[in-house]
Amino acid sequence: MHVLVINCGSSSIKAEVVDADTGAAAAGLLAERVGTDGVEVTGTVAIPALPAGADHAAVLAAVLPALLAAAPGVGAVGHRVVHGGGRFTEPTHIDDDVVAGIEAVSPLAPLHNPPNLAGIRAARAILPDLPHVAVFDTAFHATLPRRARHYALPAELADRHGVRRYGFHGTSHAYVARRAAAWLGEDPRALRIITCHLGNGASVCAVEYGRSVETSMGMTPLEGLVMGTRSGDLDPGALLALMRAEGLDVDAADRLLNKQSGLLGLSGVSHDLRDIEARAAEGDERCRLAIQVYAHRVRRYIGAYAAVMGGVDAIVFTAGIGENSALMRDRIAQRMEWLGAHLDPDANRALRLTDDAPVAALSAAHSRVRLLAVRTDEQHEIARQAAAVVGTGSAAPAPAAAETPTIPIAISARHVHLTQEAVEALFGPGHTLTPRNPLSQPGQFACEETLTVHGPKRSIERVRVLGPVRPACQVEVSRTDEFFLGIDAPVRMSGNVANSPGCVLEGPAGRLTLEEGLICAWRHIHMTPADAELFGVAHGDVVEVAVDSAGRDLVFGDVVVRVKDSYALEMHVDTDEANAAELQDLQPGMLVPTQGRARVLRRQRGISG
Ligand code: AMP
């Protein structure tokens with residue numbers, strides 16, 4: 001399917017007809033100096049001369065019919081929108097309400113969203129019969145955890161003005177992470193990737209198992225790396241000091257940080273790294289320093305993001321500098337051996353990305369962390385996402401966080417499962433268990449009967465028996481119970497008691513010595529095959545479940561999935577875990593979508609499906 005991709009900047013319009021599957025451009029035009037007397041259009045299609053001062057609407061009115069005539073078969077229009085605010089967390093079919101919504105978040109991106117909106121309005125009027133889809137630069141970062149989203153500002157003030165970290169360049173980070181994973185022959189959901197989008201604007205993103213969990217741009221595209229003309233990170237106190245010392249007003253401070261800083265400010269020569277590299281080679285000290293500061297900042301973020309993800313499998317360089325500057329890649333990748341990332345300097349120097357080879361490695365063969373350069377293609381990603389929204393593309397967008405179903409987490413107290421023989425030994429001949437109340441798993445019940453469990457050190461009284469009877473006895477206790485009893489029990493799936501320690505059970509009719517059967521239950525989720533399909537997991541997968549407990553983000557790792565037709569969806573943790581996490585019974589948990597990784601863990605642990 002062909003998608004018309006429209007990207008309207010303040011004074012430019014890029015319009016391209018792109019194959020959503022391959023990314024090939026069938027036709028394209030670039031209009032520059034839009035709104036001035038010198039508006040210029042270049043590209044693959046001839047268009048009639050434009051009147052002086054033609055604005056976005058006038059340029060699109062002239063350009064779009066010509067483009068569609070040159071490249072027929074367009075089934076959707078994809079619009080790049082820079083800021084989706086807190087509302088737009090996925091590509092969105094545009095209607096009047098969505099236009100109003102984009103307008104409502106525009107104060108967050110006053111330079112970018114208004115031209116994006118002008119393009120949307122004009123294109124909808126010119127092409128009313130085609131579906132229009134907004135693809136947001138911020139959407140990929142909607143998965144940032146709360147700890148990465150918040151600035152340490154007074155909470156109510158920040159909320160009132162939407163002051164939080166949103167992140168940008170999302171289409172590029174998503175695209176290159178996916179391309180890198182495909183090149184490595186891995187599922188993106190099994191990899192931790194640091195993507196470095198180093199263009200005129202620049203940002204780094206930590207893509208953990210397919211989701212953005214940290215990124216260097218924040219509420220605006222000013223935070224983070226050194227950019228062409230933007231300062232990136234700066235002590236806010238330095239800005240206040242400069243405003244006072246120089247008598248700068250807000251607009252002057254805005255110009256200083258956005259237009260006069262970055263590589264341009266540091267070098268005093270140019271915002272373009274090519275010019276700076278040339279001057280540095282001639283011995284210009286300021287240009288040398290600009291390169292050092294730039295590389296140092298990127299390296300610092302890479303180290304930080306490896307720490308954020310607890311490791312990294314691949315580091316990807318992309319955009320103008322990342323794809324083309326061997327010198328900058330080399331400087332950034334220095335001294336990364338501690339991380340397991342070894343640069344191959346020859347491969348880096350020789351690296352040239354082409355249409356036929358848009359991905360290449362610059363790491364040494366023995367490098368555990370792969371270093372890659374990937375040609376970004378935001379137009380292709382916008383086309384792919386737009387096609388997915390209108391339902392004919394090959395790749396569906398990730399479900400919105402709000403739509404992801406939750407899993408109730410039940411707190412499982414210590415308990416005993418018995419055989420019929422054990423029931424009779426402990427409660428008397430011919431005794432059968434007396435149901436007290438049903439449990440969430442169909443057919444299971446808590447019994448009136450309780451027992452004393454004796455360990456080498458101490459005993460625990462009134463331990464509840466669960467029914468119905470089973471083929472083998474099993475005592476499930478928490479770690480604290482183990483210490484109390486004086487027994488070191490393994491963490492096991494229920495039913496797997498081979499070679500576990502035993503204990504002595506005491507009931508009203510007698511004592512019973514178990515040779516084995518005492519375990520600490522492995523955190524687990526019960527679910528039906530339909531649930532498993534919905535969550536994209538399989539029996540035996542080891543997953544992570546996030547909870548928001550007592551205001552703290554918390555993730556339970558090492559949770560095993562158990563799938564059976566008769567199960568009801570529920571996760572079970574023991575009392576120790578619930579207490580440590582301050583959980584309420586049946587508090588909802590969210591499966592962290594790491595399906596690919598779950599399979600990897602399952603393989604590593606040798607669990608059969
Ligand atoms: P982008 O915003 O992705 O188009 O990146 C544009 C920037 O990439 C330019 O301003 C340059 O700083 C940089 N760039 C492009 N080509 C090269 C190159 N061959 N060597 C160094 N920097 C480059």
# chains A, B, ... in the order shown; residues from 1 in each chain; ligands from 1

$ residues_around --residues "stretch 92-106 of chain A" --least-positions-apart "2" --cutoff "7 Å" --atoms "only C-alpha atoms" --output "number ranges by chain"
A: 84-85, 90, 108-110, 113-114, 132-135, 389

$ write_last_selection --atoms "all heavy atoms" --output "mmCIF file, in the first residue's frame"
data_model
loop_
_atom_site.group_PDB
_atom_site.id
_atom_site.type_symbol
_atom_site.label_atom_id
_atom_site.label_comp_id
_atom_site.auth_asym_id
_atom_site.auth_seq_id
_atom_site.Cartn_x
_atom_site.Cartn_y
_atom_site.Cartn_z
ATOM 1 N N GLY A 84 2.509 14.874 20.972
ATOM 2 C CA GLY A 84 1.185 14.315 21.249
ATOM 3 C C GLY A 84 0.750 14.557 22.684
ATOM 4 O O GLY A 84 -0.325 14.100 23.090
ATOM 5 N N GLY A 85 1.598 15.242 23.464
ATOM 6 C CA GLY A 85 1.262 15.502 24.864
ATOM 7 C C GLY A 85 0.977 14.207 25.598
ATOM 8 O O GLY A 85 1.484 13.139 25.233
ATOM 9 N N GLU A 90 -0.314 6.773 20.612
ATOM 10 C CA GLU A 90 -0.158 5.863 19.483
ATOM 11 C C GLU A 90 -0.636 6.570 18.219
ATOM 12 O O GLU A 90 -1.320 7.600 18.300
ATOM 13 C CB GLU A 90 -0.947 4.583 19.703
ATOM 14 C CG GLU A 90 -2.414 4.797 19.951
ATOM 15 C CD GLU A 90 -3.138 3.478 20.206
ATOM 16 O OE1 GLU A 90 -2.511 2.419 20.080
ATOM 17 O OE2 GLU A 90 -4.330 3.523 20.507
ATOM 18 N N LEU A 108 2.701 22.924 24.183
ATOM 19 C CA LEU A 108 3.910 22.197 24.577
ATOM 20 C C LEU A 108 4.970 22.238 23.464
ATOM 21 O O LEU A 108 6.151 22.018 23.720
ATOM 22 C CB LEU A 108 3.571 20.732 24.889
ATOM 23 C CG LEU A 108 2.746 20.493 26.156
ATOM 24 C CD1 LEU A 108 2.238 19.060 26.194
ATOM 25 C CD2 LEU A 108 3.574 20.810 27.391
ATOM 26 N N ALA A 109 4.553 22.481 22.226
ATOM 27 C CA ALA A 109 5.499 22.534 21.103
ATOM 28 C C ALA A 109 5.096 23.679 20.180
ATOM 29 O O ALA A 109 4.638 23.464 19.049
ATOM 30 C CB ALA A 109 5.491 21.203 20.344
ATOM 31 N N PRO A 110 5.249 24.922 20.650
ATOM 32 C CA PRO A 110 4.694 26.060 19.919
ATOM 33 C C PRO A 110 5.337 26.283 18.546
ATOM 34 O O PRO A 110 4.721 26.884 17.675
ATOM 35 C CB PRO A 110 4.964 27.246 20.846
ATOM 36 C CG PRO A 110 6.016 26.786 21.793
ATOM 37 C CD PRO A 110 5.906 25.310 21.899
ATOM 38 N N ASN A 113 4.088 22.065 16.501
ATOM 39 C CA ASN A 113 2.731 21.572 16.256
ATOM 40 C C ASN A 113 1.894 22.477 15.342
ATOM 41 O O ASN A 113 1.147 21.957 14.505
ATOM 42 C CB ASN A 113 1.994 21.327 17.576
ATOM 43 C CG ASN A 113 2.259 19.927 18.118
ATOM 44 O OD1 ASN A 113 3.295 19.350 17.814
ATOM 45 N ND2 ASN A 113 1.335 19.392 18.900
ATOM 46 N N PRO A 114 1.997 23.828 15.447
ATOM 47 C CA PRO A 114 1.161 24.643 14.557
ATOM 48 C C PRO A 114 1.401 24.369 13.055
ATOM 49 O O PRO A 114 0.422 24.180 12.323
ATOM 50 C CB PRO A 114 1.484 26.078 14.972
ATOM 51 C CG PRO A 114 1.856 25.932 16.430
ATOM 52 C CD PRO A 114 2.612 24.639 16.509
ATOM 53 N N HIS A 132 -6.765 10.011 7.129
ATOM 54 C CA HIS A 132 -5.564 10.732 7.565
ATOM 55 C C HIS A 132 -5.160 10.230 8.951
ATOM 56 O O HIS A 132 -6.014 10.080 9.826
ATOM 57 C CB HIS A 132 -5.838 12.239 7.626
ATOM 58 C CG HIS A 132 -6.041 12.855 6.272
ATOM 59 N ND1 HIS A 132 -5.138 13.710 5.691
ATOM 60 C CD2 HIS A 132 -7.046 12.711 5.362
ATOM 61 C CE1 HIS A 132 -5.573 14.086 4.500
ATOM 62 N NE2 HIS A 132 -6.749 13.492 4.275
ATOM 63 N N VAL A 133 -3.875 9.982 9.129
ATOM 64 C CA VAL A 133 -3.394 9.423 10.395
ATOM 65 C C VAL A 133 -2.280 10.312 10.936
ATOM 66 O O VAL A 133 -1.372 10.707 10.198
ATOM 67 C CB VAL A 133 -2.841 7.985 10.180
ATOM 68 C CG1 VAL A 133 -2.265 7.425 11.479
ATOM 69 C CG2 VAL A 133 -3.922 7.064 9.627
ATOM 70 N N ALA A 134 -2.358 10.651 12.212
ATOM 71 C CA ALA A 134 -1.288 11.428 12.858
ATOM 72 C C ALA A 134 -0.311 10.466 13.524
ATOM 73 O O ALA A 134 -0.723 9.566 14.261
ATOM 74 C CB ALA A 134 -1.877 12.367 13.909
ATOM 75 N N VAL A 135 0.969 10.632 13.216
ATOM 76 C CA VAL A 135 2.013 9.801 13.829
ATOM 77 C C VAL A 135 2.888 10.737 14.668
ATOM 78 O O VAL A 135 3.464 11.686 14.139
ATOM 79 C CB VAL A 135 2.837 9.071 12.747
ATOM 80 C CG1 VAL A 135 3.953 8.259 13.386
ATOM 81 C CG2 VAL A 135 1.927 8.166 11.910
ATOM 82 N N VAL A 389 -2.722 1.615 10.994
ATOM 83 C CA VAL A 389 -3.937 2.188 11.585
ATOM 84 C C VAL A 389 -5.131 2.015 10.650
ATOM 85 O O VAL A 389 -6.231 1.695 11.097
ATOM 86 C CB VAL A 389 -3.728 3.680 11.935
ATOM 87 C CG1 VAL A 389 -5.049 4.362 12.259
ATOM 88 C CG2 VAL A 389 -2.791 3.804 13.120
#

$ select_by_dssp --residues "stretch 78-256 of chain A" --states "strand (DSSP E)" --output "PyMOL selection string"
chain A and resi 78-81+92-93+132-136+192-198+202-208+211-215

$ closest_atom_pairs --of "chain A" --to "ligand 1" --cutoff "9 Å" --atoms "only C-alpha atoms and all ligand atoms" --output "JSON lines"
{"residue": "A:His197", "atom": "CA", "partner": "ligand 1", "partner_atom_place_in_ligand_line": "3 (O)", "distance": 7.7}
{"residue": "A:Leu198", "atom": "CA", "partner": "ligand 1", "partner_atom_place_in_ligand_line": "3 (O)", "distance": 6.5}
{"residue": "A:Gly199", "atom": "CA", "partner": "ligand 1", "partner_atom_place_in_ligand_line": "5 (O)", "distance": 3.4}
{"residue": "A:Asn200", "atom": "CA", "partner": "ligand 1", "partner_atom_place_in_ligand_line": "2 (O)", "distance": 3.8}
{"residue": "A:Gly201", "atom": "CA", "partner": "ligand 1", "partner_atom_place_in_ligand_line": "2 (O)", "distance": 5.9}
{"residue": "A:Ala202", "atom": "CA", "partner": "ligand 1", "partner_atom_place_in_ligand_line": "2 (O)", "distance": 7.9}
{"residue": "A:Met227", "atom": "CA", "partner": "ligand 1", "partner_atom_place_in_ligand_line": "12 (O)", "distance": 8.6}
{"residue": "A:Gly228", "atom": "CA", "partner": "ligand 1", "partner_atom_place_in_ligand_line": "10 (O)", "distance": 6.4}
{"residue": "A:Leu263", "atom": "CA", "partner": "ligand 1", "partner_atom_place_in_ligand_line": "12 (O)", "distance": 8.6}
{"residue": "A:Ser270", "atom": "CA", "partner": "ligand 1", "partner_atom_place_in_ligand_line": "12 (O)", "distance": 8.8}
{"residue": "A:His271", "atom": "CA", "partner": "ligand 1", "partner_atom_place_in_ligand_line": "10 (O)", "distance": 6.2}
{"residue": "A:Asp272", "atom": "CA", "partner": "ligand 1", "partner_atom_place_in_ligand_line": "12 (O)", "distance": 3.7}
{"residue": "A:Leu273", "atom": "CA", "partner": "ligand 1", "partner_atom_place_in_ligand_line": "12 (O)", "distance": 3.8}
{"residue": "A:Arg274", "atom": "CA", "partner": "ligand 1", "partner_atom_place_in_ligand_line": "21 (C)", "distance": 4.3}
{"residue": "A:Asp275", "atom": "CA", "partner": "ligand 1", "partner_atom_place_in_ligand_line": "12 (O)", "distance": 8.0}
{"residue": "A:Ile276", "atom": "CA", "partner": "ligand 1", "partner_atom_place_in_ligand_line": "21 (C)", "distance": 8.4}
{"residue": "A:Glu277", "atom": "CA", "partner": "ligand 1", "partner_atom_place_in_ligand_line": "21 (C)", "distance": 7.1}
{"residue": "A:Thr318", "atom": "CA", "partner": "ligand 1", "partner_atom_place_in_ligand_line": "3 (O)", "distance": 7.7}
{"residue": "A:Ala319", "atom": "CA", "partner": "ligand 1", "partner_atom_place_in_ligand_line": "3 (O)", "distance": 3.9}
{"residue": "A:Gly320", "atom": "CA", "partner": "ligand 1", "partner_atom_place_in_ligand_line": "8 (O)", "distance": 3.2}
{"residue": "A:Ile321", "atom": "CA", "partner": "ligand 1", "partner_atom_place_in_ligand_line": "13 (C)", "distance": 4.2}
{"residue": "A:Gly322", "atom": "CA", "partner": "ligand 1", "partner_atom_place_in_ligand_line": "8 (O)", "distance": 7.7}
{"residue": "A:Glu323", "atom": "CA", "partner": "ligand 1", "partner_atom_place_in_ligand_line": "16 (N)", "distance": 7.5}
{"residue": "A:Asn324", "atom": "CA", "partner": "ligand 1", "partner_atom_place_in_ligand_line": "19 (N)", "distance": 4.4}
{"residue": "A:Ser325", "atom": "CA", "partner": "ligand 1", "partner_atom_place_in_ligand_line": "20 (N)", "distance": 4.2}
{"residue": "A:Ala326", "atom": "CA", "partner": "ligand 1", "partner_atom_place_in_ligand_line": "20 (N)", "distance": 7.5}
{"residue": "A:Leu327", "atom": "CA", "partner": "ligand 1", "partner_atom_place_in_ligand_line": "21 (C)", "distance": 8.0}
{"residue": "A:Met328", "atom": "CA", "partner": "ligand 1", "partner_atom_place_in_ligand_line": "21 (C)", "distance": 7.7}
{"residue": "A:Thr376", "atom": "CA", "partner": "ligand 1", "partner_atom_place_in_ligand_line": "3 (O)", "distance": 8.4}

$ residues_around --residues "A:Pro72" --least-positions-apart "4" --cutoff "9 Å" --atoms "only C-alpha atoms" --output "PDB file with C-alpha atoms, in the first residue's frame"
ATOM      1  CA  HIS A   2       1.160   3.539  -0.787  1.00  0.00           C
ATOM      2  CA  VAL A  17       4.432   8.829  -1.551  1.00  0.00           C
ATOM      3  CA  LEU A  67       2.045  14.012  -6.409  1.00  0.00           C
ATOM      4  CA  LEU A  68      -1.009  11.760  -6.407  1.00  0.00           C
TER       5      LEU A  68
END

$ atom_distance --atom1 "atom CA of A:Gly167" --atom2 "atom CA of A:Ile194"
14.4 Å

$ residues_around --residues "A:Val312" --least-positions-apart "5" --cutoff "8 Å" --atoms "only C-alpha atoms" --output "NGL selection string"
:A and (191-194 or 306 or 369)

$ write_last_selection --atoms "N, CA and C atoms" --output "mmCIF file, in the first residue's frame"
data_model
loop_
_atom_site.group_PDB
_atom_site.id
_atom_site.type_symbol
_atom_site.label_atom_id
_atom_site.label_comp_id
_atom_site.auth_asym_id
_atom_site.auth_seq_id
_atom_site.Cartn_x
_atom_site.Cartn_y
_atom_site.Cartn_z
ATOM 1 N N LEU A 191 15.843 -7.888 23.204
ATOM 2 C CA LEU A 191 17.087 -7.105 23.199
ATOM 3 C C LEU A 191 16.959 -5.826 24.007
ATOM 4 N N ARG A 192 18.109 -5.422 24.577
ATOM 5 C CA ARG A 192 18.212 -4.084 25.162
ATOM 6 C C ARG A 192 19.113 -3.272 24.224
ATOM 7 N N ILE A 193 18.527 -2.239 23.614
ATOM 8 C CA ILE A 193 19.236 -1.482 22.586
ATOM 9 C C ILE A 193 19.323 -0.021 23.014
ATOM 10 N N ILE A 194 20.497 0.583 22.831
ATOM 11 C CA ILE A 194 20.613 2.029 23.011
ATOM 12 C C ILE A 194 20.710 2.638 21.616
ATOM 13 N N ALA A 306 22.873 2.053 29.888
ATOM 14 C CA ALA A 306 23.219 0.656 30.175
ATOM 15 C C ALA A 306 22.868 0.359 31.633
ATOM 16 N N VAL A 369 28.692 -6.646 22.966
ATOM 17 C CA VAL A 369 27.705 -5.633 22.587
ATOM 18 C C VAL A 369 27.953 -5.272 21.126
#

$ atom_distance --atom1 "atom CA of A:His524" --atom2 "atom CA of A:Val491"
11.3 Å

$ residues_around --residues "stretch 288-296 of chain A" --least-positions-apart "4" --cutoff "7 Å" --atoms "only C-alpha atoms" --output "number ranges by chain"
A: 226, 263, 266-267, 280, 284, 300, 328, 331-332

$ select_by_dssp --residues "stretch 142-224 of chain A" --states "alpha helix (DSSP H)" --output "CSV table (one decimal) with N, CA and C atoms, in the first residue's frame"
chain,number,residue,atom,x,y,z
A,146,ARG,N,7.2,5.9,35.3
A,146,ARG,CA,7.0,7.2,36.0
A,146,ARG,C,8.3,7.8,36.5
A,147,ARG,N,9.2,6.9,36.9
A,147,ARG,CA,10.4,7.5,37.5
A,147,ARG,C,11.3,8.2,36.4
A,148,ALA,N,11.1,7.9,35.2
A,148,ALA,CA,11.8,8.5,34.1
A,148,ALA,C,11.0,9.7,33.5
A,149,ARG,N,9.7,9.8,33.9
A,149,ARG,CA,8.9,10.9,33.3
A,149,ARG,C,8.9,12.1,34.1
A,155,ALA,N,4.7,19.0,42.4
A,155,ALA,CA,3.9,18.1,41.5
A,155,ALA,C,2.7,18.8,40.9
A,156,GLU,N,2.0,19.6,41.7
A,156,GLU,CA,0.8,20.2,41.2
A,156,GLU,C,1.1,21.2,40.1
A,157,LEU,N,2.1,21.9,40.3
A,157,LEU,CA,2.5,22.9,39.3
A,157,LEU,C,2.9,22.2,38.0
A,158,ALA,N,3.7,21.2,38.1
A,158,ALA,CA,4.1,20.4,36.9
A,158,ALA,C,2.9,19.9,36.2
A,159,ASP,N,2.0,19.3,37.0
A,159,ASP,CA,0.8,18.7,36.4
A,159,ASP,C,-0.1,19.8,35.6
A,160,ARG,N,-0.2,20.9,36.3
A,160,ARG,CA,-1.0,22.0,35.7
A,160,ARG,C,-0.5,22.4,34.3
A,170,GLY,N,10.7,9.8,18.3
A,170,GLY,CA,10.2,8.4,18.6
A,170,GLY,C,10.1,7.5,17.4
A,171,THR,N,9.7,8.1,16.2
A,171,THR,CA,9.6,7.3,15.0
A,171,THR,C,11.0,6.8,14.6
A,172,SER,N,12.0,7.6,14.8
A,172,SER,CA,13.3,7.2,14.4
A,172,SER,C,13.9,6.1,15.3
A,173,HIS,N,13.7,6.4,16.6
A,173,HIS,CA,14.2,5.4,17.6
A,173,HIS,C,13.5,4.0,17.4
A,174,ALA,N,12.2,4.1,17.2
A,174,ALA,CA,11.5,2.8,17.0
A,174,ALA,C,11.9,2.1,15.7
A,175,TYR,N,12.1,2.9,14.7
A,175,TYR,CA,12.5,2.3,13.4
A,175,TYR,C,13.9,1.7,13.4
A,176,VAL,N,14.9,2.4,13.9
A,176,VAL,CA,16.2,1.9,13.9
A,176,VAL,C,16.4,0.7,14.9
A,177,ALA,N,15.7,0.8,16.0
A,177,ALA,CA,15.7,-0.4,16.9
A,177,ALA,C,15.2,-1.6,16.3
A,178,ARG,N,14.1,-1.5,15.5
A,178,ARG,CA,13.5,-2.6,14.8
A,178,ARG,C,14.4,-3.1,13.7
A,179,ARG,N,15.0,-2.2,13.0
A,179,ARG,CA,15.9,-2.6,11.9
A,179,ARG,C,17.1,-3.3,12.4
A,180,ALA,N,17.7,-2.8,13.5
A,180,ALA,CA,18.9,-3.4,14.1
A,180,ALA,C,18.6,-4.8,14.6
A,181,ALA,N,17.4,-5.0,15.3
A,181,ALA,CA,17.0,-6.3,15.7
A,181,ALA,C,16.9,-7.3,14.6
A,182,ALA,N,16.3,-6.8,13.5
A,182,ALA,CA,16.1,-7.7,12.3
A,182,ALA,C,17.4,-8.1,11.7
A,183,TRP,N,18.3,-7.1,11.7
A,183,TRP,CA,19.7,-7.4,11.1
A,183,TRP,C,20.4,-8.4,12.0
A,184,LEU,N,20.2,-8.3,13.3
A,184,LEU,CA,20.8,-9.3,14.3
A,184,LEU,C,20.1,-10.6,14.3

$ closest_residue --among "A:Val504, A:Ala422, A:Ala568, A:Ala26" --to "A:Ala530" --atoms "only C-alpha atoms"
A:Ala568

$ residues_around --residues "A:Ser203" --least-positions-apart "6" --cutoff "8 Å" --atoms "only C-alpha atoms" --output "PyMOL selection string"
chain A and resi 168-169+196-197+215-217+224-225

$ write_last_selection --atoms "N, CA, C and O atoms" --output "PDB file, in the first residue's frame"
ATOM      1  N   PHE A 168      11.323  12.741  22.241  1.00  0.00           N
ATOM      2  CA  PHE A 168      11.045  13.017  20.814  1.00  0.00           C
ATOM      3  C   PHE A 168      11.834  12.044  19.947  1.00  0.00           C
ATOM      4  O   PHE A 168      12.482  11.144  20.474  1.00  0.00           O
ATOM      5  N   HIS A 169      11.785  12.249  18.636  1.00  0.00           N
ATOM      6  CA  HIS A 169      12.453  11.366  17.663  1.00  0.00           C
ATOM      7  C   HIS A 169      11.952   9.927  17.787  1.00  0.00           C
ATOM      8  O   HIS A 169      12.658   8.984  17.428  1.00  0.00           O
ATOM      9  N   CYS A 196      21.123   5.914  19.252  1.00  0.00           N
ATOM     10  CA  CYS A 196      21.658   7.278  19.291  1.00  0.00           C
ATOM     11  C   CYS A 196      21.277   7.966  17.982  1.00  0.00           C
ATOM     12  O   CYS A 196      21.861   7.670  16.941  1.00  0.00           O
ATOM     13  N   HIS A 197      20.255   8.816  18.040  1.00  0.00           N
ATOM     14  CA  HIS A 197      19.840   9.587  16.857  1.00  0.00           C
ATOM     15  C   HIS A 197      20.651  10.885  16.894  1.00  0.00           C
ATOM     16  O   HIS A 197      20.361  11.784  17.682  1.00  0.00           O
ATOM     17  N   THR A 215      14.874   8.328  27.618  1.00  0.00           N
ATOM     18  CA  THR A 215      15.310   9.057  26.440  1.00  0.00           C
ATOM     19  C   THR A 215      15.806  10.424  26.878  1.00  0.00           C
ATOM     20  O   THR A 215      15.408  10.927  27.924  1.00  0.00           O
ATOM     21  N   SER A 216      16.717  10.989  26.079  1.00  0.00           N
ATOM     22  CA  SER A 216      17.444  12.151  26.598  1.00  0.00           C
ATOM     23  C   SER A 216      16.696  13.467  26.405  1.00  0.00           C
ATOM     24  O   SER A 216      16.978  14.437  27.089  1.00  0.00           O
ATOM     25  N   MET A 217      15.746  13.522  25.439  1.00  0.00           N
ATOM     26  CA  MET A 217      14.943  14.737  25.329  1.00  0.00           C
ATOM     27  C   MET A 217      13.796  14.676  26.329  1.00  0.00           C
ATOM     28  O   MET A 217      13.335  13.591  26.678  1.00  0.00           O
ATOM     29  N   GLY A 224      19.210  17.157  26.993  1.00  0.00           N
ATOM     30  CA  GLY A 224      20.003  15.998  26.597  1.00  0.00           C
ATOM     31  C   GLY A 224      21.308  16.331  25.912  1.00  0.00           C
ATOM     32  O   GLY A 224      22.148  17.053  26.446  1.00  0.00           O
ATOM     33  N   LEU A 225      21.458  15.782  24.708  1.00  0.00           N
ATOM     34  CA  LEU A 225      22.735  15.856  23.999  1.00  0.00           C
ATOM     35  C   LEU A 225      23.037  17.264  23.508  1.00  0.00           C
ATOM     36  O   LEU A 225      22.146  18.106  23.365  1.00  0.00           O
TER      37      LEU A 225
END

$ residues_around --residues "stretch 39-43 of chain A" --least-positions-apart "5" --cutoff "6 Å" --atoms "only C-alpha atoms" --output "ChimeraX atom specification"
/A:28-34

$ write_last_selection --atoms "all heavy atoms" --output "mmCIF file, in the first residue's frame"
data_model
loop_
_atom_site.group_PDB
_atom_site.id
_atom_site.type_symbol
_atom_site.label_atom_id
_atom_site.label_comp_id
_atom_site.auth_asym_id
_atom_site.auth_seq_id
_atom_site.Cartn_x
_atom_site.Cartn_y
_atom_site.Cartn_z
ATOM 1 N N GLY A 28 8.195 12.327 -4.679
ATOM 2 C CA GLY A 28 8.374 13.187 -3.500
ATOM 3 C C GLY A 28 8.716 14.608 -3.875
ATOM 4 O O GLY A 28 9.291 14.872 -4.941
ATOM 5 N N LEU A 29 8.316 15.510 -2.984
ATOM 6 C CA LEU A 29 8.595 16.939 -3.212
ATOM 7 C C LEU A 29 9.035 17.573 -1.899
ATOM 8 O O LEU A 29 8.573 17.196 -0.824
ATOM 9 C CB LEU A 29 7.339 17.653 -3.701
ATOM 10 C CG LEU A 29 6.904 17.358 -5.132
ATOM 11 C CD1 LEU A 29 5.504 17.905 -5.360
ATOM 12 C CD2 LEU A 29 7.882 17.970 -6.141
ATOM 13 N N LEU A 30 9.925 18.566 -2.021
ATOM 14 C CA LEU A 30 10.335 19.334 -0.851
ATOM 15 C C LEU A 30 10.104 20.804 -1.152
ATOM 16 O O LEU A 30 10.637 21.325 -2.145
ATOM 17 C CB LEU A 30 11.819 19.083 -0.552
ATOM 18 C CG LEU A 30 12.408 19.926 0.582
ATOM 19 C CD1 LEU A 30 11.798 19.544 1.930
ATOM 20 C CD2 LEU A 30 13.933 19.766 0.640
ATOM 21 N N ALA A 31 9.286 21.441 -0.332
ATOM 22 C CA ALA A 31 9.079 22.888 -0.478
ATOM 23 C C ALA A 31 9.822 23.582 0.648
ATOM 24 O O ALA A 31 9.682 23.196 1.808
ATOM 25 C CB ALA A 31 7.585 23.210 -0.415
ATOM 26 N N GLU A 32 10.629 24.581 0.297
ATOM 27 C CA GLU A 32 11.378 25.319 1.320
ATOM 28 C C GLU A 32 11.009 26.789 1.262
ATOM 29 O O GLU A 32 10.473 27.267 0.272
ATOM 30 C CB GLU A 32 12.875 25.128 1.112
ATOM 31 C CG GLU A 32 13.295 23.678 1.397
ATOM 32 C CD GLU A 32 14.753 23.412 1.089
ATOM 33 O OE1 GLU A 32 15.102 23.359 -0.111
ATOM 34 O OE2 GLU A 32 15.536 23.259 2.034
ATOM 35 N N ARG A 33 11.319 27.472 2.326
ATOM 36 C CA ARG A 33 11.022 28.905 2.462
ATOM 37 C C ARG A 33 9.530 29.176 2.244
ATOM 38 O O ARG A 33 9.130 30.171 1.610
ATOM 39 C CB ARG A 33 11.886 29.717 1.509
ATOM 40 C CG ARG A 33 13.344 29.228 1.616
ATOM 41 C CD ARG A 33 14.378 30.227 1.402
ATOM 42 N NE ARG A 33 14.338 30.922 0.137
ATOM 43 C CZ ARG A 33 14.926 32.066 -0.085
ATOM 44 N NH1 ARG A 33 15.565 32.653 0.903
ATOM 45 N NH2 ARG A 33 14.874 32.637 -1.256
ATOM 46 N N VAL A 34 8.719 28.258 2.774
ATOM 47 C CA VAL A 34 7.262 28.392 2.660
ATOM 48 C C VAL A 34 6.831 29.652 3.411
ATOM 49 O O VAL A 34 7.321 29.935 4.503
ATOM 50 C CB VAL A 34 6.561 27.143 3.265
ATOM 51 C CG1 VAL A 34 5.050 27.322 3.319
ATOM 52 C CG2 VAL A 34 6.932 25.900 2.461
#
